[in-house]
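Everything on this sheet refers to the single structure shown next.
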Amino acid sequence: MDLDRSKEDLNAVYRFRVLVKGLVTNRGDVLLLRKDEDNMDEGTWQIPGGHLEHGEALKQGIRREIEEQTGLSIEIHQIVDALSFSEEEDSVQIVYHCEAVQETRNSRIT
């Protein structure tokens, strides 16, 4: 393999998505998010999370996704589940147990 290949070239060869999700707890409660009408999964309840950005570490990604979706800061504990599946492309999903530690100014929890 040519070591000078760009990241885009490598992504074309190794095409899969990495998703990170958080089983977020707070004093025994579990956080679930209801998908809104702009989402193809409208009305379903899911744990928060999403896709990693290019070059992003797993824990960095789950922190970013949960803060974007909820406004919560979290403490990340252990991995509680991992699975692979194929939709449009091969995907891997990693689920972490997380604990809500603080609401940010932009909290979206109601």
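Identifiers for the structure tokens are assigned positionally: chains receive A, B, ... in sequence, residues are indexed from 1 per chain, and ligands are indexed from 1 in the order shown.
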**Message:** Which residues are close to Ser84 (chain A), i.e. within 10 Å by only C-alpha atoms, leaving aside same-chain residues fewer than 5 positions away? Reply as a ChimeraX atom specification.
**Reply:** /A:17-19,90-94
**Prompt:** as a PyMOL selection string, which residues of region 1-102 of chain A does DSSP assign to strand (DSSP E)?
**Reply:** chain A and resi 16-26+29-30+33-34+45-46+49-51+72-86+90-102
**Message:** Just want the 10 Å neighbourhood of region 56-70 of chain A, counted on only C-alpha atoms, with same-chain residues fewer than 3 positions away dropped. Output as a PyMOL selection string.
**Reply:** chain A and resi 18-22+24+31+33+47-53+73-77+94-96+98+100+103-104+106-110
**Prompt:** Between CA of Glu99 (chain A) and CA of Leu72 (chain A), what is the spacing in Å?
**Reply:** 9.6 Å
**Request:** Between CA of Val30 (chain A) and CA of Phe85 (chain A), measure the distance and give it in Å to one decimal.
**Result:**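 We find that CA of Val30 (chain A) and CA of Phe85 (chain A) lie 24.7 Å from each other.
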**Request:** Just give me the gap between CA of His97 (chain A) and CA of Asn26 (chain A) in Å, one decimal is fine.
**Result:**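 Computing the Euclidean distance for CA of His97 (chain A) and CA of Asn26 (chain A) yields 11.0 Å.
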